[in-house]
Protein chains: 2
Amino acid sequence: MRYMNIREQAKSVKMAAPKMAGSSGEQRNNALKAIAEALKKNQDKIFAANKADLEQAEKDHVAAAIVKRLKFDETKLRDVIAGIHDLIHLEDPLFQKQMTRQLDQGLTLIRETCPIGVIGVIFEARPDALIQISSLCIKSGNCVILKGGSETMNSNRVLFQIIYDAVIQSGMPENCMLQLEARSEISELLTCNGDVDLLIPRGSNAFVQYIMDHTKIPVMGHADGICHIYVDKEADLDKAVSVIIDAKIQYVSACNAVETLLIHKDILKVFIPRLYDALKEHQVELRGSRKIAALCPCKESSAEDDKTEYLDYIVSAKEVEGVEEAVNHINAFGSHHTDCIITENQETAEYFMRYVDSAGVYQNCSTRFADGYRYGFGAEVGISTSKIHARGPVGLEGLVSYKYKLYGNGNIVEDYAKGRKTFHFLDL
Amino acid sequence: MRYMNIREQAKSVKMAAPKMAGSSGEQRNNALKAIAEALKKNQDKIFAANKADLEQAEKDHVAAAIVKRLKFDETKLRDVIAGIHDLIHLEDPLFQKQMTRQLDQGLTLIRETCPIGVIGVIFEARPDALIQISSLCIKSGNCVILKGGSETMNSNRVLFQIIYDAVIQSGMPENCMLQLEARSEISELLTCNGDVDLLIPRGSNAFVQYIMDHTKIPVMGHADGICHIYVDKEADLDKAVSVIIDAKIQYVSACNAVETLLIHKDILKVFIPRLYDALKEHQVELRGSRKIAALCPCKESSAEDDKTEYLDYIVSAKEVEGVEEAVNHINAFGSHHTDCIITENQETAEYFMRYVDSAGVYQNCSTRFADGYRYGFGAEVGISTSKIHARGPVGLEGLVSYKYKLYGNGNIVEDYAKGRKTFHFLDL
């Protein structure tokens, strides 16, 4: 597909989609086995390519935290291969009958799962992400167009070639996978509505928002993650402190890290000094409302803080009258990602969880649990804050749609319209 | 909300959404009962308003077929009230637990259905549609913004006021429903992303396409419906003729009417003359490929016919080599709505149904069955050709999302990251 433009290439991928959709679970598992074997066989080639990426990163003075993600070593290879074997053992997500209904004698409706078609995934510079995404798409019978971060260009090129060759040799249709390399190709990809059925962008807020604003292809994902923790007046304050610290610093740049604390007004005096000390101990800057700033030596927050995703060692805090104000604040300023209440009062917790309009509503645990792996989904393709299609952490299920099959024997609608026949709707 | 612009009004509706989402099934059923009673009590007022619409339609020389849809009489009132009672008896679509999983001791994940939020529905000039859509949204706990066809403006105004008053008096939150009246307000509605969660446009292809092209709000629906029937060489030709006639003329302007016939080359000589006669008998114009035009006195088709949704007494036909070519043609030129194979060979049928990428894939029955009522869903909000979210005819289920609730006891992620604790994933 070398000399075609991206639209033409995407069309070739779309042409492969029905064949991919028709492949059996066994065929797709064989492709996954072939990938696992090929990765192992070609590990030296992969590590050499990765070394080139790492050297380039060093030359470019890439931050140490990012370099850590670029690195693809034996441990990571072992982990992704284990991940592929986990995937092989999962039930086939396709051809699952979700409904079998006799509409009338000899007229049977079956709703059956099928793949979405062509998935475009734009992801961060992590070689293991390329392998995971490819495997998830193959398991779910989807064709995939991949665009990884440019910092892992060498690794991606080698990995893609190994995976693609293995997949084709195992009998999957040609052009069922495509890799884009140039960043400029992304804008062309965004115009491929009709051929690309779903886009999954992962990366910075600004980047995801850009994708969402510049394509007619449905987008699954989340732009920002402004997560809240509300500390109720009936909170266990030990739990509150420990959950807040974990939610803030366990992985500070994650979308499910907490950014805003809402504190019940009645517990400010006892809680704020403790909170301040704990945050200080972990090098987290607190930005407090006027009332909170009066109780500890913290910087005063502004209205801007309510809508800021710091992704950094900063957290803002403000007091609220109670759970109702907390819920209203979260629904107005949050990003419908993951929000938590700390309380021992179950009724208050239920109110919070019912009225907060977020993909994840938590009681007494860290917002960092919002993750496909931690939910037991196996690998995750992303976290969605949309309420259309998949919501929250998305595993295989989010890559699947369904179709209605209707088996008849010459049945016509006119018979039912004229009352000569009637539906009896019998679920089988 | 009289003096606000549409964006401000939509924001007020959004503010009501969490309260609506938190309402119990009983409260929502009570609101539905209140609607049914209010409609009955106010029937004279409704009929008077409808009479004004009918008189205006007569003045405007509106086509008889459309006038039939505008008319709202005692029969239609009885039908919609019966529909509301059916809805009341359906199980509550909200608070359904789709998953209960212990991630670890004392850390329980529940996936529970919840409403989407605010649904914007733009629908045809049919007073019963306004009532059905409102009832479906209330049953599913969604707020709704309605814009009906202008030909039923008087009926809509009266109906909306009756329904809204009944709903509020029964305890639903203020602003949970809004009606737009001016066509110009639609373009403002399209900019309400963030406050409107889903748009459902019903109407002409051009109109739906316009909506899809001019909003960032997710859209559920379908622009065109180019449905196919493939007549296999092993077809029962009696069934073929009767299914084709039904699929074409049972309701000629429906999205699920057939537009293109694909005929196996081996049966052209026997089938085409029979098909031509049957179509002629029902005043349907046949446009055939060169080979088909050689077998009957029909007009020759052009490439344009392959992608035309006639919505009229016209059907095009072309020959294919076999099921594979039929599938490829349908995937390339169809609109992924509903496509049918006529064959007695089950293997060929399964091939067709597996590889055709459409919301509905049928064997030996009319494409006109693609309809929420005929699938036994009760009322339908629309038919979706998207593979994201609901696909095919969409009932209550398409108005529902889900959220993840996580109940902990101070659990933090760091314990699992450091191996001090491990997940055990136990489905309860």
# chains A, B, ... in the order shown; residues from 1 in each chain; ligands from 1

$ residues_around --residues "region 161-174 of chain B" --least-positions-apart "3" --cutoff "12 Å" --atoms "only C-alpha atoms" --output "mmCIF file with N, CA, C and O atoms, in the first residue's frame"
data_model
loop_
_atom_site.group_PDB
_atom_site.id
_atom_site.type_symbol
_atom_site.label_atom_id
_atom_site.label_comp_id
_atom_site.auth_asym_id
_atom_site.auth_seq_id
_atom_site.Cartn_x
_atom_site.Cartn_y
_atom_site.Cartn_z
ATOM 1 N N MET B 1 -38.956 29.827 31.166
ATOM 2 C CA MET B 1 -37.688 29.944 30.429
ATOM 3 C C MET B 1 -37.867 30.826 29.195
ATOM 4 O O MET B 1 -37.107 30.768 28.261
ATOM 5 N N GLN B 9 -31.478 27.853 27.788
ATOM 6 C CA GLN B 9 -32.576 26.935 28.107
ATOM 7 C C GLN B 9 -32.064 25.496 28.181
ATOM 8 O O GLN B 9 -32.450 24.739 29.067
ATOM 9 N N SER B 12 -30.494 24.836 31.419
ATOM 10 C CA SER B 12 -31.479 24.592 32.482
ATOM 11 C C SER B 12 -31.978 23.149 32.427
ATOM 12 O O SER B 12 -32.221 22.527 33.468
ATOM 13 N N VAL B 13 -32.153 22.641 31.210
ATOM 14 C CA VAL B 13 -32.600 21.247 31.072
ATOM 15 C C VAL B 13 -31.512 20.323 31.613
ATOM 16 O O VAL B 13 -31.779 19.384 32.361
ATOM 17 N N LYS B 14 -30.258 20.635 31.253
ATOM 18 C CA LYS B 14 -29.132 19.814 31.735
ATOM 19 C C LYS B 14 -29.074 19.785 33.260
ATOM 20 O O LYS B 14 -28.742 18.758 33.858
ATOM 21 N N MET B 15 -29.382 20.946 33.879
ATOM 22 C CA MET B 15 -29.369 21.031 35.340
ATOM 23 C C MET B 15 -30.409 20.094 35.956
ATOM 24 O O MET B 15 -30.253 19.625 37.089
ATOM 25 N N ALA B 16 -31.492 19.854 35.226
ATOM 26 C CA ALA B 16 -32.551 18.977 35.743
ATOM 27 C C ALA B 16 -32.198 17.501 35.573
ATOM 28 O O ALA B 16 -32.802 16.631 36.202
ATOM 29 N N ALA B 17 -31.186 17.226 34.716
ATOM 30 C CA ALA B 17 -30.904 15.835 34.345
ATOM 31 C C ALA B 17 -30.507 14.946 35.529
ATOM 32 O O ALA B 17 -31.021 13.829 35.646
ATOM 33 N N PRO B 18 -29.616 15.396 36.446
ATOM 34 C CA PRO B 18 -29.272 14.505 37.558
ATOM 35 C C PRO B 18 -30.487 14.166 38.428
ATOM 36 O O PRO B 18 -30.635 13.027 38.873
ATOM 37 N N LYS B 19 -31.371 15.144 38.648
ATOM 38 C CA LYS B 19 -32.575 14.862 39.450
ATOM 39 C C LYS B 19 -33.431 13.820 38.736
ATOM 40 O O LYS B 19 -33.977 12.909 39.354
ATOM 41 N N MET B 20 -33.570 14.002 37.447
ATOM 42 C CA MET B 20 -34.344 13.054 36.635
ATOM 43 C C MET B 20 -33.698 11.671 36.728
ATOM 44 O O MET B 20 -34.391 10.662 36.880
ATOM 45 N N ALA B 21 -32.370 11.640 36.660
ATOM 46 C CA ALA B 21 -31.639 10.367 36.706
ATOM 47 C C ALA B 21 -31.814 9.667 38.044
ATOM 48 O O ALA B 21 -31.747 8.449 38.136
ATOM 49 N N GLY B 22 -32.038 10.459 39.085
ATOM 50 C CA GLY B 22 -32.158 9.885 40.414
ATOM 51 C C GLY B 22 -33.579 9.465 40.764
ATOM 52 O O GLY B 22 -33.810 8.838 41.791
ATOM 53 N N SER B 23 -34.549 9.798 39.915
ATOM 54 C CA SER B 23 -35.955 9.488 40.229
ATOM 55 C C SER B 23 -36.182 7.980 40.183
ATOM 56 O O SER B 23 -35.554 7.271 39.399
ATOM 57 N N SER B 24 -37.092 7.509 41.005
ATOM 58 C CA SER B 24 -37.356 6.064 41.056
ATOM 59 C C SER B 24 -38.256 5.644 39.902
ATOM 60 O O SER B 24 -38.940 6.473 39.301
ATOM 61 N N GLY B 25 -38.254 4.361 39.610
ATOM 62 C CA GLY B 25 -39.123 3.825 38.567
ATOM 63 C C GLY B 25 -40.590 4.127 38.866
ATOM 64 O O GLY B 25 -41.366 4.429 37.962
ATOM 65 N N GLU B 26 -40.942 4.096 40.128
ATOM 66 C CA GLU B 26 -42.327 4.367 40.513
ATOM 67 C C GLU B 26 -42.687 5.827 40.214
ATOM 68 O O GLU B 26 -43.765 6.105 39.679
ATOM 69 N N GLN B 27 -41.769 6.733 40.548
ATOM 70 C CA GLN B 27 -42.037 8.152 40.262
ATOM 71 C C GLN B 27 -42.228 8.381 38.768
ATOM 72 O O GLN B 27 -43.111 9.110 38.336
ATOM 73 N N ARG B 28 -41.375 7.722 37.974
ATOM 74 C CA ARG B 28 -41.476 7.908 36.516
ATOM 75 C C ARG B 28 -42.750 7.286 35.966
ATOM 76 O O ARG B 28 -43.397 7.845 35.087
ATOM 77 N N ASN B 29 -43.143 6.140 36.521
ATOM 78 C CA ASN B 29 -44.413 5.538 36.096
ATOM 79 C C ASN B 29 -45.604 6.413 36.488
ATOM 80 O O ASN B 29 -46.566 6.529 35.732
ATOM 81 N N ASN B 30 -45.499 7.043 37.676
ATOM 82 C CA ASN B 30 -46.574 7.957 38.072
ATOM 83 C C ASN B 30 -46.683 9.131 37.115
ATOM 84 O O ASN B 30 -47.782 9.580 36.791
ATOM 85 N N ALA B 31 -45.541 9.620 36.661
ATOM 86 C CA ALA B 31 -45.561 10.713 35.678
ATOM 87 C C ALA B 31 -46.243 10.241 34.386
ATOM 88 O O ALA B 31 -47.026 10.986 33.777
ATOM 89 N N LEU B 32 -45.960 9.009 33.975
ATOM 90 C CA LEU B 32 -46.586 8.482 32.760
ATOM 91 C C LEU B 32 -48.103 8.348 32.938
ATOM 92 O O LEU B 32 -48.877 8.694 32.036
ATOM 93 N N LYS B 33 -48.515 7.871 34.123
ATOM 94 C CA LYS B 33 -49.951 7.777 34.388
ATOM 95 C C LYS B 33 -50.594 9.164 34.328
ATOM 96 O O LYS B 33 -51.686 9.336 33.783
ATOM 97 N N ALA B 34 -49.894 10.145 34.895
ATOM 98 C CA ALA B 34 -50.423 11.516 34.898
ATOM 99 C C ALA B 34 -50.572 12.029 33.458
ATOM 100 O O ALA B 34 -51.542 12.721 33.135
ATOM 101 N N ILE B 35 -49.618 11.673 32.596
ATOM 102 C CA ILE B 35 -49.718 12.094 31.188
ATOM 103 C C ILE B 35 -50.956 11.467 30.547
ATOM 104 O O ILE B 35 -51.753 12.154 29.892
ATOM 105 N N ALA B 36 -51.126 10.162 30.751
ATOM 106 C CA ALA B 36 -52.255 9.463 30.133
ATOM 107 C C ALA B 36 -53.582 10.089 30.571
ATOM 108 O O ALA B 36 -54.472 10.345 29.740
ATOM 109 N N GLU B 37 -53.678 10.382 31.876
ATOM 110 C CA GLU B 37 -54.923 10.987 32.377
ATOM 111 C C GLU B 37 -55.134 12.388 31.811
ATOM 112 O O GLU B 37 -56.246 12.743 31.415
ATOM 113 N N ALA B 38 -54.067 13.168 31.791
ATOM 114 C CA ALA B 38 -54.186 14.552 31.312
ATOM 115 C C ALA B 38 -54.570 14.593 29.837
ATOM 116 O O ALA B 38 -55.342 15.457 29.407
ATOM 117 N N LEU B 39 -54.042 13.666 29.066
ATOM 118 C CA LEU B 39 -54.370 13.643 27.635
ATOM 119 C C LEU B 39 -55.860 13.365 27.460
ATOM 120 O O LEU B 39 -56.534 13.987 26.645
ATOM 121 N N LYS B 40 -56.348 12.423 28.248
ATOM 122 C CA LYS B 40 -57.753 12.053 28.145
ATOM 123 C C LYS B 40 -58.648 13.222 28.558
ATOM 124 O O LYS B 40 -59.614 13.564 27.876
ATOM 125 N N LYS B 41 -58.258 13.841 29.684
ATOM 126 C CA LYS B 41 -59.058 14.937 30.229
ATOM 127 C C LYS B 41 -59.110 16.130 29.272
ATOM 128 O O LYS B 41 -60.111 16.834 29.189
ATOM 129 N N ASN B 42 -58.009 16.338 28.570
ATOM 130 C CA ASN B 42 -57.913 17.517 27.704
ATOM 131 C C ASN B 42 -58.140 17.210 26.237
ATOM 132 O O ASN B 42 -57.679 17.950 25.367
ATOM 133 N N GLN B 43 -58.843 16.119 25.951
ATOM 134 C CA GLN B 43 -58.897 15.694 24.555
ATOM 135 C C GLN B 43 -59.567 16.729 23.635
ATOM 136 O O GLN B 43 -59.131 16.922 22.503
ATOM 137 N N LYS B 45 -59.495 19.964 23.826
ATOM 138 C CA LYS B 45 -58.509 21.012 23.564
ATOM 139 C C LYS B 45 -57.510 20.531 22.507
ATOM 140 O O LYS B 45 -57.118 21.287 21.605
ATOM 141 N N ILE B 46 -57.108 19.266 22.635
ATOM 142 C CA ILE B 46 -56.134 18.695 21.694
ATOM 143 C C ILE B 46 -56.743 18.620 20.290
ATOM 144 O O ILE B 46 -56.127 19.050 19.312
ATOM 145 N N LEU B 130 -44.790 13.079 19.211
ATOM 146 C CA LEU B 130 -44.424 13.906 20.371
ATOM 147 C C LEU B 130 -44.732 13.162 21.676
ATOM 148 O O LEU B 130 -43.915 13.131 22.596
ATOM 149 N N ILE B 131 -45.895 12.541 21.711
ATOM 150 C CA ILE B 131 -46.308 11.846 22.941
ATOM 151 C C ILE B 131 -45.415 10.616 23.184
ATOM 152 O O ILE B 131 -44.949 10.380 24.304
ATOM 153 N N GLN B 132 -45.178 9.845 22.132
ATOM 154 C CA GLN B 132 -44.352 8.646 22.276
ATOM 155 C C GLN B 132 -42.940 8.989 22.741
ATOM 156 O O GLN B 132 -42.400 8.361 23.655
ATOM 157 N N ILE B 133 -42.327 9.977 22.101
ATOM 158 C CA ILE B 133 -40.947 10.339 22.429
ATOM 159 C C ILE B 133 -40.863 10.841 23.872
ATOM 160 O O ILE B 133 -39.982 10.441 24.634
ATOM 161 N N SER B 134 -41.795 11.699 24.260
ATOM 162 C CA SER B 134 -41.794 12.208 25.636
ATOM 163 C C SER B 134 -41.909 11.052 26.622
ATOM 164 O O SER B 134 -41.190 10.992 27.619
ATOM 165 N N SER B 135 -42.810 10.118 26.336
ATOM 166 C CA SER B 135 -43.033 9.007 27.262
ATOM 167 C C SER B 135 -41.793 8.127 27.372
ATOM 168 O O SER B 135 -41.414 7.704 28.468
ATOM 169 N N CYS B 137 -38.706 8.997 26.911
ATOM 170 C CA CYS B 137 -37.662 9.717 27.643
ATOM 171 C C CYS B 137 -37.954 9.707 29.135
ATOM 172 O O CYS B 137 -37.049 9.522 29.951
ATOM 173 N N ILE B 138 -39.210 9.896 29.516
ATOM 174 C CA ILE B 138 -39.538 9.894 30.940
ATOM 175 C C ILE B 138 -39.328 8.496 31.525
ATOM 176 O O ILE B 138 -38.717 8.351 32.575
ATOM 177 N N LYS B 139 -39.788 7.481 30.832
ATOM 178 C CA LYS B 139 -39.605 6.101 31.328
ATOM 179 C C LYS B 139 -38.124 5.818 31.571
ATOM 180 O O LYS B 139 -37.756 5.133 32.521
ATOM 181 N N GLY B 141 -35.796 8.043 32.245
ATOM 182 C CA GLY B 141 -35.158 9.026 33.127
ATOM 183 C C GLY B 141 -34.354 10.090 32.418
ATOM 184 O O GLY B 141 -33.470 10.708 33.013
ATOM 185 N N ASN B 142 -34.650 10.291 31.140
ATOM 186 C CA ASN B 142 -33.937 11.325 30.392
ATOM 187 C C ASN B 142 -34.753 12.607 30.313
ATOM 188 O O ASN B 142 -35.977 12.569 30.205
ATOM 189 N N CYS B 143 -34.054 13.737 30.320
ATOM 190 C CA CYS B 143 -34.677 14.998 29.967
ATOM 191 C C CYS B 143 -34.734 15.055 28.441
ATOM 192 O O CYS B 143 -33.929 14.422 27.763
ATOM 193 N N VAL B 144 -35.681 15.805 27.922
ATOM 194 C CA VAL B 144 -35.829 15.804 26.467
ATOM 195 C C VAL B 144 -36.092 17.210 25.931
ATOM 196 O O VAL B 144 -36.792 18.007 26.564
ATOM 197 N N ILE B 145 -35.461 17.520 24.819
ATOM 198 C CA ILE B 145 -35.753 18.746 24.076
ATOM 199 C C ILE B 145 -36.403 18.323 22.771
ATOM 200 O O ILE B 145 -35.815 17.557 22.007
ATOM 201 N N LEU B 146 -37.638 18.781 22.551
ATOM 202 C CA LEU B 146 -38.436 18.325 21.410
ATOM 203 C C LEU B 146 -38.541 19.410 20.346
ATOM 204 O O LEU B 146 -38.750 20.578 20.660
ATOM 205 N N ASN B 154 -49.702 23.799 16.210
ATOM 206 C CA ASN B 154 -50.776 24.015 17.190
ATOM 207 C C ASN B 154 -50.972 22.791 18.077
ATOM 208 O O ASN B 154 -51.063 22.907 19.300
ATOM 209 N N SER B 155 -51.011 21.631 17.439
ATOM 210 C CA SER B 155 -51.165 20.394 18.218
ATOM 211 C C SER B 155 -49.995 20.233 19.185
ATOM 212 O O SER B 155 -50.177 19.911 20.361
ATOM 213 N N ASN B 156 -48.776 20.447 18.679
ATOM 214 C CA ASN B 156 -47.582 20.269 19.507
ATOM 215 C C ASN B 156 -47.605 21.179 20.726
ATOM 216 O O ASN B 156 -47.251 20.764 21.830
ATOM 217 N N ARG B 157 -47.997 22.427 20.495
ATOM 218 C CA ARG B 157 -47.977 23.394 21.594
ATOM 219 C C ARG B 157 -48.907 22.942 22.714
ATOM 220 O O ARG B 157 -48.537 22.919 23.885
ATOM 221 N N VAL B 158 -50.117 22.554 22.327
ATOM 222 C CA VAL B 158 -51.103 22.118 23.321
ATOM 223 C C VAL B 158 -50.651 20.812 23.993
ATOM 224 O O VAL B 158 -50.681 20.683 25.216
ATOM 225 N N MET B 177 -38.288 19.000 30.538
ATOM 226 C CA MET B 177 -38.693 18.939 29.138
ATOM 227 C C MET B 177 -38.703 20.353 28.568
ATOM 228 O O MET B 177 -38.979 21.316 29.270
ATOM 229 N N LEU B 178 -38.411 20.423 27.294
ATOM 230 C CA LEU B 178 -38.410 21.728 26.620
ATOM 231 C C LEU B 178 -38.894 21.497 25.201
ATOM 232 O O LEU B 178 -38.560 20.484 24.579
ATOM 233 N N GLN B 179 -39.699 22.418 24.712
ATOM 234 C CA GLN B 179 -40.112 22.317 23.312
ATOM 235 C C GLN B 179 -39.605 23.521 22.537
ATOM 236 O O GLN B 179 -39.745 24.661 22.973
#

$ residues_around --residues "region 327-331 of chain B" --least-positions-apart "5" --cutoff "8 Å" --atoms "only C-alpha atoms" --output "count of residues only"
8

$ atom_distance --atom1 "CA of Val196 (chain B)" --atom2 "CA of Val258 (chain A)"
26.2 Å

$ interface_residues --of "chain B" --to "chain A" --cutoff "6 Å" --atoms "only C-alpha atoms" --output "MDAnalysis selection string"
chainID B and resid 18 22 116 239 243 246 354:355 359:366 387:389 401 403:412

$ select_by_dssp --residues "region 173-303 of chain B" --states "strand (DSSP E)" --output "ChimeraX atom specification"
/B:177-179,198-201,227-231,258-264,285-288,299-300

$ closest_residue --among "A:Asp79, A:Asp44, A:Lys97, A:Leu189" --to "Glu112 (chain A)" --atoms "only C-alpha atoms"
A:Lys97

$ select_by_dssp --residues "region 280-394 of chain A" --states "helix (DSSP H, G or I)" --output "PyMOL selection string"
chain A and resi 280-281+290-293+303-307+323-333+346-355+367-369

$ residues_around --residues "Glu259 (chain A)" --least-positions-apart "2" --cutoff "10 Å" --atoms "only C-alpha atoms" --output "PyMOL selection string"
chain A and resi 225-229+244+247-248+252+255-257+261+305-317+334

$ write_last_selection --atoms "N, CA and C atoms" --output "mmCIF file, in the first residue's frame"
data_model
loop_
_atom_site.group_PDB
_atom_site.id
_atom_site.type_symbol
_atom_site.label_atom_id
_atom_site.label_comp_id
_atom_site.auth_asym_id
_atom_site.auth_seq_id
_atom_site.Cartn_x
_atom_site.Cartn_y
_atom_site.Cartn_z
ATOM 1 N N GLY A 225 -9.581 14.889 32.682
ATOM 2 C CA GLY A 225 -10.003 14.081 33.828
ATOM 3 C C GLY A 225 -9.879 14.930 35.076
ATOM 4 N N ILE A 226 -10.912 15.736 35.328
ATOM 5 C CA ILE A 226 -10.915 16.529 36.556
ATOM 6 C C ILE A 226 -11.709 15.736 37.581
ATOM 7 N N CYS A 227 -10.987 14.937 38.354
ATOM 8 C CA CYS A 227 -11.634 14.046 39.320
ATOM 9 C C CYS A 227 -11.698 14.728 40.681
ATOM 10 N N HIS A 228 -12.783 14.441 41.403
ATOM 11 C CA HIS A 228 -13.019 15.062 42.703
ATOM 12 C C HIS A 228 -13.067 14.012 43.812
ATOM 13 N N ILE A 229 -12.659 14.455 44.996
ATOM 14 C CA ILE A 229 -12.977 13.684 46.199
ATOM 15 C C ILE A 229 -13.727 14.612 47.149
ATOM 16 N N ILE A 244 -6.855 10.312 49.559
ATOM 17 C CA ILE A 244 -6.496 11.535 48.833
ATOM 18 C C ILE A 244 -5.034 11.472 48.380
ATOM 19 N N ALA A 247 -4.781 9.001 45.550
ATOM 20 C CA ALA A 247 -5.454 9.493 44.348
ATOM 21 C C ALA A 247 -4.660 10.628 43.700
ATOM 22 N N LYS A 248 -3.885 11.359 44.540
ATOM 23 C CA LYS A 248 -3.103 12.468 43.980
ATOM 24 C C LYS A 248 -1.753 12.003 43.447
ATOM 25 N N VAL A 252 0.830 10.780 39.149
ATOM 26 C CA VAL A 252 0.329 12.153 39.193
ATOM 27 C C VAL A 252 -0.184 12.655 37.840
ATOM 28 N N CYS A 255 -5.099 10.396 34.155
ATOM 29 C CA CYS A 255 -6.396 11.076 34.029
ATOM 30 C C CYS A 255 -7.282 10.832 35.236
ATOM 31 N N ASN A 256 -7.019 9.740 35.974
ATOM 32 C CA ASN A 256 -7.869 9.436 37.128
ATOM 33 C C ASN A 256 -7.267 9.915 38.450
ATOM 34 N N ALA A 257 -6.234 10.763 38.384
ATOM 35 C CA ALA A 257 -5.692 11.385 39.600
ATOM 36 C C ALA A 257 -6.665 12.473 40.059
ATOM 37 N N LEU A 261 -10.521 18.826 45.758
ATOM 38 C CA LEU A 261 -11.112 18.265 46.978
ATOM 39 C C LEU A 261 -12.261 19.166 47.421
ATOM 40 N N ASP A 305 -9.005 27.432 39.279
ATOM 41 C CA ASP A 305 -8.617 26.123 39.836
ATOM 42 C C ASP A 305 -9.756 25.099 39.750
ATOM 43 N N ASP A 306 -10.998 25.589 39.824
ATOM 44 C CA ASP A 306 -12.139 24.661 39.755
ATOM 45 C C ASP A 306 -12.158 23.864 38.462
ATOM 46 N N LYS A 307 -11.597 24.451 37.396
ATOM 47 C CA LYS A 307 -11.670 23.753 36.109
ATOM 48 C C LYS A 307 -10.298 23.370 35.570
ATOM 49 N N THR A 308 -9.333 23.227 36.483
ATOM 50 C CA THR A 308 -7.980 22.909 36.039
ATOM 51 C C THR A 308 -7.618 21.457 36.345
ATOM 52 N N GLU A 309 -7.116 20.772 35.321
ATOM 53 C CA GLU A 309 -6.546 19.443 35.536
ATOM 54 C C GLU A 309 -5.038 19.652 35.647
ATOM 55 N N TYR A 310 -4.508 19.594 36.875
ATOM 56 C CA TYR A 310 -3.095 19.943 37.068
ATOM 57 C C TYR A 310 -2.167 18.887 36.474
ATOM 58 N N LEU A 311 -2.504 17.614 36.644
ATOM 59 C CA LEU A 311 -1.596 16.534 36.249
ATOM 60 C C LEU A 311 -0.232 16.763 36.879
ATOM 61 N N ASP A 312 -0.244 17.238 38.091
ATOM 62 C CA ASP A 312 0.991 17.647 38.757
ATOM 63 C C ASP A 312 0.773 17.538 40.277
ATOM 64 N N TYR A 313 1.821 17.817 41.032
ATOM 65 C CA TYR A 313 1.741 17.728 42.495
ATOM 66 C C TYR A 313 1.029 18.948 43.071
ATOM 67 N N ILE A 314 -0.179 19.168 42.589
ATOM 68 C CA ILE A 314 -1.002 20.291 43.045
ATOM 69 C C ILE A 314 -2.420 19.764 43.224
ATOM 70 N N VAL A 315 -3.095 20.239 44.266
ATOM 71 C CA VAL A 315 -4.507 19.890 44.416
ATOM 72 C C VAL A 315 -5.229 21.119 44.978
ATOM 73 N N SER A 316 -6.463 21.331 44.517
ATOM 74 C CA SER A 316 -7.212 22.454 45.073
ATOM 75 C C SER A 316 -8.263 21.931 46.043
ATOM 76 N N ALA A 317 -8.676 22.793 46.964
ATOM 77 C CA ALA A 317 -9.678 22.374 47.947
ATOM 78 C C ALA A 317 -10.613 23.528 48.238
ATOM 79 N N GLY A 334 -16.788 19.096 36.831
ATOM 80 C CA GLY A 334 -16.043 17.866 36.592
ATOM 81 C C GLY A 334 -16.033 17.489 35.125
#

$ residues_around --residues "Arg126 (chain B)" --least-positions-apart "4" --cutoff "12 Å" --atoms "only C-alpha atoms" --output "number ranges by chain"
B: 50, 53-54, 65-73, 76, 80, 122, 130-133, 147-156, 159, 202-203

$ atom_distance --atom1 "CA of Leu428 (chain B)" --atom2 "CA of Gly395 (chain A)"
19.7 Å
